[in-house]
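Heads up: the structure comes next, in C-alpha cells.
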Amino acid sequence: MADIRTSTTTVTVGCKLPNGLIMELAEPAAGRQLIPAPIGERHTLNGSNSTLIDSPFGRVAQGTHRYGITHVPKEFAEAWFARHKDFEFVKRGQVFLVKDDAAAASEAKLRENDSATRTGLEALVDKDPRLPKSVGKRREESEAA
C-alpha cells in the first residue's frame, strides 16, 4: 500500500451529516496514553449544510442532493473506510466513498429518499407541519412583494 501521507490520487466522499466530519487515522492507544497519535493528515468533510446558500427566502439547497462532497486522497480514504466500516453512519450510507463527482451525485440521488440515510438533522422544507405557522406567512408575503 502506498504511503497515505503522499497520495496524489483522490476519491470523492459524500457526507450527509450537517456539519461534516473530520477523518483521521490514529494508532491505537498504547499503555496509559489518553489521546491516540494521529498519522498522516486530517481531512475535514463538507457536510450537508455546505450545499445550502442564502436567499431572500432563507437558506435553500443549491444542488440536487443534500450531501456535502469532498475530495480526499484515495489511499487515506480507503484505509479510513476499512478501519471504520462498522460505524453506524458508514453502514447506513450517511458517509460514503465513490471514485468521482458524477458517481457521488448519482449515489446521493439514489440515497435521497432512503429512510436508512436519514440523520434526523435534515433541514425542514417550507410546508413541513412542524414549522410555526408564521414562517410560511412571512415567506408568502415576501414572494408577493
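By convention in this document, the chains of the C-alpha cells carry letters A, B, ... by their order, each chain's residues are numbered from 1, and ligands are numbered from 1 in the order they are shown.
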| request: Excluding segment 104-110 of chain A and residues on its chain fewer than 4 positions from it, collect all residues at most 12 Å away from it, counting only C-alpha atoms, and give them as a list in words. | output: Val11, Thr12, Val13, Gly14, Cys15, Lys16, Ser48, Gly63, Thr64, His65, Arg66, Tyr67, Gly68, Ile69, Thr70, His71, Gly93, Gln94, Val95, Phe96, Leu97, Val98, Lys99, Asp100, Asp114, Ser115, Ala116 and Thr117 of chain A
| message | Please report the interatomic distance between atom CA of Glu24 of chain A and atom CA of Glu41 of chain A in Å with one decimal. | response | 6.8 Å
| said: Using Å and a single decimal, report how far atom CA of Gly120 of chain A sits from atom CA of Ala77 of chain A. | reply: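 Interatomic distance, atom CA of Ala77 of chain A to atom CA of Gly120 of chain A: 25.5 Å.
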| message | So, with only C-alpha atoms as the atoms that count, which of A:Asn46, A:Glu88, A:Asp101, A:Glu75 lies closest to Thr119 of chain A? | response | A:Glu88
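Minimum atom-to-atom distance to Leu17 of chain A, evaluated using only C-alpha atoms, belongs to A:Ser50 out of A:Val72, A:Ala79, A:Lys85, A:Ser50.
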| What is the atom CA of Thr51 of chain A to atom CA of Asn113 of chain A distance in Å? | 16.9 Å
| Which neighbours of Met23 of chain A fall inside 9 Å, counting only C-alpha atoms, when residues of the same chain fewer than 3 positions from it are skipped, and could you give them as a list of chain:residue names? | A:Glu41, A:Arg42, A:His43, A:Thr44, A:Leu45, A:Ala77, A:Trp80
Output N, CA and C atoms of each residue in that selection to a file, as a compact mmCIF listing (two decimals), in the first residue's frame.
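Ended up saving to selection_23.txt:
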```txt
# COMPACT_ATOMS: atom_id res chain seq x y z
N GLU A 41 -2.40 13.14 7.69
CA GLU A 41 -3.10 14.40 7.88
C GLU A 41 -4.57 14.17 8.17
N ARG A 42 -5.23 15.22 8.56
CA ARG A 42 -6.67 15.20 8.79
C ARG A 42 -7.36 15.70 7.54
N HIS A 43 -8.54 15.18 7.30
CA HIS A 43 -9.36 15.64 6.18
C HIS A 43 -10.74 15.96 6.72
N THR A 44 -11.17 17.18 6.54
CA THR A 44 -12.48 17.61 7.01
C THR A 44 -13.47 17.50 5.87
N LEU A 45 -14.50 16.69 6.10
CA LEU A 45 -15.53 16.50 5.08
C LEU A 45 -16.55 17.63 5.15
N ALA A 77 -8.51 7.56 2.24
CA ALA A 77 -9.95 7.29 2.33
C ALA A 77 -10.22 5.79 2.42
N TRP A 80 -9.27 4.64 5.86
CA TRP A 80 -10.21 5.12 6.85
C TRP A 80 -11.52 4.34 6.80
```
